[in-house]
Amino acid sequence: MSERALQESASLVDAFEPVVILYCCQWCSYAAADLAGAMRLSYPPNVRIVQVPCTGRVDILHLLKPLEHGADGVYVSGCLPGECHYVSGNLKAAKRVAQVQKILESVGVERDRVGIVYNSASMGPQFAQCCRDITERVRAMGPMFAGVERKLEA
């Protein structure tokens, strides 16, 4: 690879802003996001929050399709373990996330592009920090499909 091509690829990586989809439980995690906003806490704008009734409703396809369409990471943010309003929704979500991580690994994609975190409604500052941590984790992995036009933008 020529020196110019190396410089161009390095500048693309430096300018990379990941697109992260974050499925949030309406009872806990979405309320934590709302609290973070009310407290005027900032978190990366490239984290796209999708409110769901319960993380137990997040299916394997909900985790894989955004990656197919250009997202660089997909995470689920559910109620704290033992605190799910629907008893075991967060446990179901954790199992699905683990399944998708195995699928990604089997096709040579970093398993940490998909993950699960837990927040309660009173955890606004922790939610904002969680979003920053996820974004940095995904940024460190680089673009999902380098050099391919994506349907989602940061």
# chains A, B, ... in the order shown; residues from 1 in each chain; ligands from 1

call {"tool": "residues_around", "arguments": {"residues": "range 61-63 of chain A", "least_positions_apart": "6", "cutoff": "10 Å", "atoms": "only C-alpha atoms", "output": "ChimeraX atom specification"}}
result
/A:21-23,73-76,96-97,100-101,113-115

call {"tool": "residues_around", "arguments": {"residues": "Tyr86 in chain A", "least_positions_apart": "6", "cutoff": "10 Å", "atoms": "only C-alpha atoms", "output": "list in words"}}
result
Trp27, Pro53, Cys54, Thr55, Gly56 and Cys79 of chain A

call {"tool": "write_last_selection", "arguments": {"atoms": "C-alpha atoms", "output": "CSV table (one decimal), in the first residue's frame"}}
result
chain,number,residue,atom,x,y,z
A,27,TRP,CA,-39.5,1.4,32.5
A,53,PRO,CA,-41.7,-1.9,26.1
A,54,CYS,CA,-39.3,-4.4,27.5
A,55,THR,CA,-35.9,-5.7,26.5
A,56,GLY,CA,-37.4,-9.1,26.4
A,79,CYS,CA,-33.7,-3.1,34.0

call {"tool": "atom_distance", "arguments": {"atom1": "CA of Glu136 in chain A", "atom2": "CA of Glu68 in chain A"}}
result
20.6 Å

call {"tool": "closest_residue", "arguments": {"among": "A:Asp59, A:Ser120, A:Asp112, A:Arg137", "to": "Gly82 in chain A", "atoms": "only C-alpha atoms"}}
result
A:Ser120

call {"tool": "select_by_dssp", "arguments": {"residues": "chain A", "states": "helix (DSSP H, G or I)", "output": "MDAnalysis selection string"}}
result
chainID A and resid 3:14 29:38 55:57 60:68 89:106 111:113 124:141

call {"tool": "write_last_selection", "arguments": {"atoms": "C-alpha atoms", "output": "short mmCIF file (atom, residue, chain, number, x, y, z; two decimals), in the first residue's frame"}}
result
data_model
loop_
_atom_site.label_atom_id
_atom_site.label_comp_id
_atom_site.auth_asym_id
_atom_site.auth_seq_id
_atom_site.Cartn_x
_atom_site.Cartn_y
_atom_site.Cartn_z
CA GLU A 3 2.17 6.04 1.71
CA ARG A 4 -0.65 8.25 0.42
CA ALA A 5 -3.18 5.42 0.72
CA LEU A 6 -2.00 4.74 4.27
CA GLN A 7 -2.44 8.41 5.18
CA GLU A 8 -5.94 8.48 3.67
CA SER A 9 -7.01 5.35 5.53
CA ALA A 10 -5.55 6.72 8.78
CA SER A 11 -7.50 9.97 8.35
CA LEU A 12 -10.69 8.00 7.75
CA VAL A 13 -10.18 6.08 10.99
CA ASP A 14 -9.39 9.32 12.88
CA SER A 29 -33.30 2.58 30.87
CA TYR A 30 -35.41 5.01 28.86
CA ALA A 31 -36.33 6.74 32.12
CA ALA A 32 -32.61 6.90 32.94
CA ALA A 33 -31.97 8.50 29.54
CA ASP A 34 -34.76 10.97 30.26
CA LEU A 35 -33.24 11.75 33.66
CA ALA A 36 -29.82 12.26 32.07
CA GLY A 37 -31.41 14.77 29.72
CA ALA A 38 -33.26 16.52 32.54
CA THR A 55 -35.90 -5.66 26.46
CA GLY A 56 -37.41 -9.14 26.41
CA ARG A 57 -39.13 -8.03 23.18
CA ILE A 60 -32.18 -11.56 17.38
CA LEU A 61 -33.13 -9.80 14.14
CA HIS A 62 -33.47 -6.50 16.02
CA LEU A 63 -29.81 -6.93 16.94
CA LEU A 64 -28.54 -8.07 13.53
CA LYS A 65 -30.48 -5.85 11.10
CA PRO A 66 -28.96 -2.53 12.25
CA LEU A 67 -25.48 -4.00 11.71
CA GLU A 68 -26.53 -5.07 8.22
CA GLY A 89 -37.41 -9.75 30.10
CA ASN A 90 -33.85 -8.65 30.77
CA LEU A 91 -32.76 -12.27 31.18
CA LYS A 92 -34.27 -13.16 27.79
CA ALA A 93 -32.50 -10.18 26.24
CA ALA A 94 -29.18 -11.26 27.76
CA LYS A 95 -29.58 -14.74 26.24
CA ARG A 96 -30.35 -13.26 22.81
CA VAL A 97 -27.37 -10.93 23.02
CA ALA A 98 -25.13 -13.91 23.86
CA GLN A 99 -26.54 -15.82 20.87
CA VAL A 100 -25.86 -12.90 18.53
CA GLN A 101 -22.34 -12.52 19.91
CA LYS A 102 -21.69 -16.18 19.05
CA ILE A 103 -23.09 -15.64 15.54
CA LEU A 104 -20.88 -12.59 15.01
CA GLU A 105 -17.81 -14.44 16.25
CA SER A 106 -18.54 -17.35 13.91
CA ARG A 111 -18.54 -9.94 19.45
CA ASP A 112 -18.43 -6.67 21.41
CA ARG A 113 -20.30 -4.88 18.63
CA GLY A 124 -29.15 9.19 34.81
CA PRO A 125 -25.43 9.91 35.33
CA GLN A 126 -24.54 6.22 34.99
CA PHE A 127 -26.64 5.99 31.81
CA ALA A 128 -24.75 8.90 30.24
CA GLN A 129 -21.42 7.32 31.21
CA CYS A 130 -22.59 3.97 29.85
CA CYS A 131 -23.33 5.62 26.47
CA ARG A 132 -19.86 7.19 26.42
CA ASP A 133 -18.26 3.84 27.29
CA ILE A 134 -20.19 1.99 24.58
CA THR A 135 -19.27 4.61 21.99
CA GLU A 136 -15.58 4.41 22.88
CA ARG A 137 -15.66 0.61 22.80
CA VAL A 138 -17.22 0.61 19.33
CA ARG A 139 -14.96 3.43 18.09
CA ALA A 140 -11.91 1.38 19.10
CA MET A 141 -13.12 -1.48 16.87
#

call {"tool": "atom_distance", "arguments": {"atom1": "CA of Gly70 in chain A", "atom2": "CA of Phe16 in chain A"}}
result
13.0 Å

call {"tool": "select_by_dssp", "arguments": {"residues": "chain A", "states": "strand (DSSP E or B)", "output": "compact mmCIF listing (two decimals) with N, CA and C atoms, in the first residue's frame"}}
result
# COMPACT_ATOMS: atom_id res chain seq x y z
N VAL A 20 -24.32 3.89 16.89
CA VAL A 20 -24.68 2.87 17.87
C VAL A 20 -26.18 2.92 18.10
N ILE A 21 -26.83 1.79 17.95
CA ILE A 21 -28.26 1.66 18.26
C ILE A 21 -28.36 1.11 19.68
N LEU A 22 -29.18 1.77 20.50
CA LEU A 22 -29.33 1.36 21.90
C LEU A 22 -30.82 1.15 22.18
N TYR A 23 -31.22 -0.12 22.31
CA TYR A 23 -32.60 -0.45 22.67
C TYR A 23 -32.76 -0.27 24.17
N CYS A 24 -33.69 0.60 24.57
CA CYS A 24 -33.89 0.92 25.99
C CYS A 24 -35.27 0.51 26.45
N CYS A 25 -35.31 -0.20 27.56
CA CYS A 25 -36.55 -0.56 28.24
C CYS A 25 -37.28 0.72 28.65
N VAL A 47 -25.35 7.89 19.56
CA VAL A 47 -26.08 6.78 20.19
C VAL A 47 -27.56 7.02 19.90
N ARG A 48 -28.14 6.15 19.10
CA ARG A 48 -29.55 6.28 18.72
C ARG A 48 -30.38 5.42 19.65
N ILE A 49 -31.20 6.07 20.46
CA ILE A 49 -32.01 5.35 21.44
C ILE A 49 -33.32 4.92 20.81
N VAL A 50 -33.65 3.65 20.98
CA VAL A 50 -34.92 3.10 20.52
C VAL A 50 -35.64 2.58 21.76
N GLN A 51 -36.79 3.19 22.06
CA GLN A 51 -37.57 2.77 23.23
C GLN A 51 -38.36 1.51 22.90
N VAL A 52 -38.27 0.52 23.78
CA VAL A 52 -39.03 -0.71 23.63
C VAL A 52 -39.80 -0.96 24.93
N GLY A 73 -22.50 -0.65 16.07
CA GLY A 73 -22.73 -1.37 17.31
C GLY A 73 -24.21 -1.35 17.66
N VAL A 74 -24.67 -2.39 18.33
CA VAL A 74 -26.07 -2.48 18.78
C VAL A 74 -26.04 -2.99 20.21
N TYR A 75 -26.63 -2.21 21.09
CA TYR A 75 -26.65 -2.58 22.51
C TYR A 75 -28.08 -2.56 23.03
N VAL A 76 -28.27 -3.26 24.12
CA VAL A 76 -29.55 -3.33 24.81
C VAL A 76 -29.31 -2.80 26.22
N SER A 77 -30.19 -1.91 26.67
CA SER A 77 -30.09 -1.39 28.04
C SER A 77 -31.39 -1.72 28.75
N GLY A 78 -31.30 -2.64 29.69
CA GLY A 78 -32.50 -3.11 30.38
C GLY A 78 -32.51 -2.79 31.86
N VAL A 114 -22.05 -6.03 19.81
CA VAL A 114 -23.39 -6.22 20.40
C VAL A 114 -23.18 -6.50 21.88
N GLY A 115 -24.04 -5.90 22.71
CA GLY A 115 -23.90 -6.12 24.14
C GLY A 115 -25.13 -5.70 24.91
N ILE A 116 -25.07 -5.91 26.21
CA ILE A 116 -26.19 -5.55 27.08
C ILE A 116 -25.64 -4.85 28.31
N VAL A 117 -26.37 -3.83 28.75
CA VAL A 117 -26.04 -3.10 29.98
C VAL A 117 -27.33 -2.96 30.77
N TYR A 118 -27.20 -2.61 32.03
CA TYR A 118 -28.37 -2.52 32.90
C TYR A 118 -28.39 -1.17 33.62

call {"tool": "closest_residue", "arguments": {"among": "A:Val107, A:Asn119, A:Asn46, A:Phe145", "to": "Cys84 in chain A", "atoms": "only C-alpha atoms"}}
result
A:Asn119

call {"tool": "atom_distance", "arguments": {"atom1": "CA of Pro45 in chain A", "atom2": "CA of Ala121 in chain A"}}
result
20.3 Å
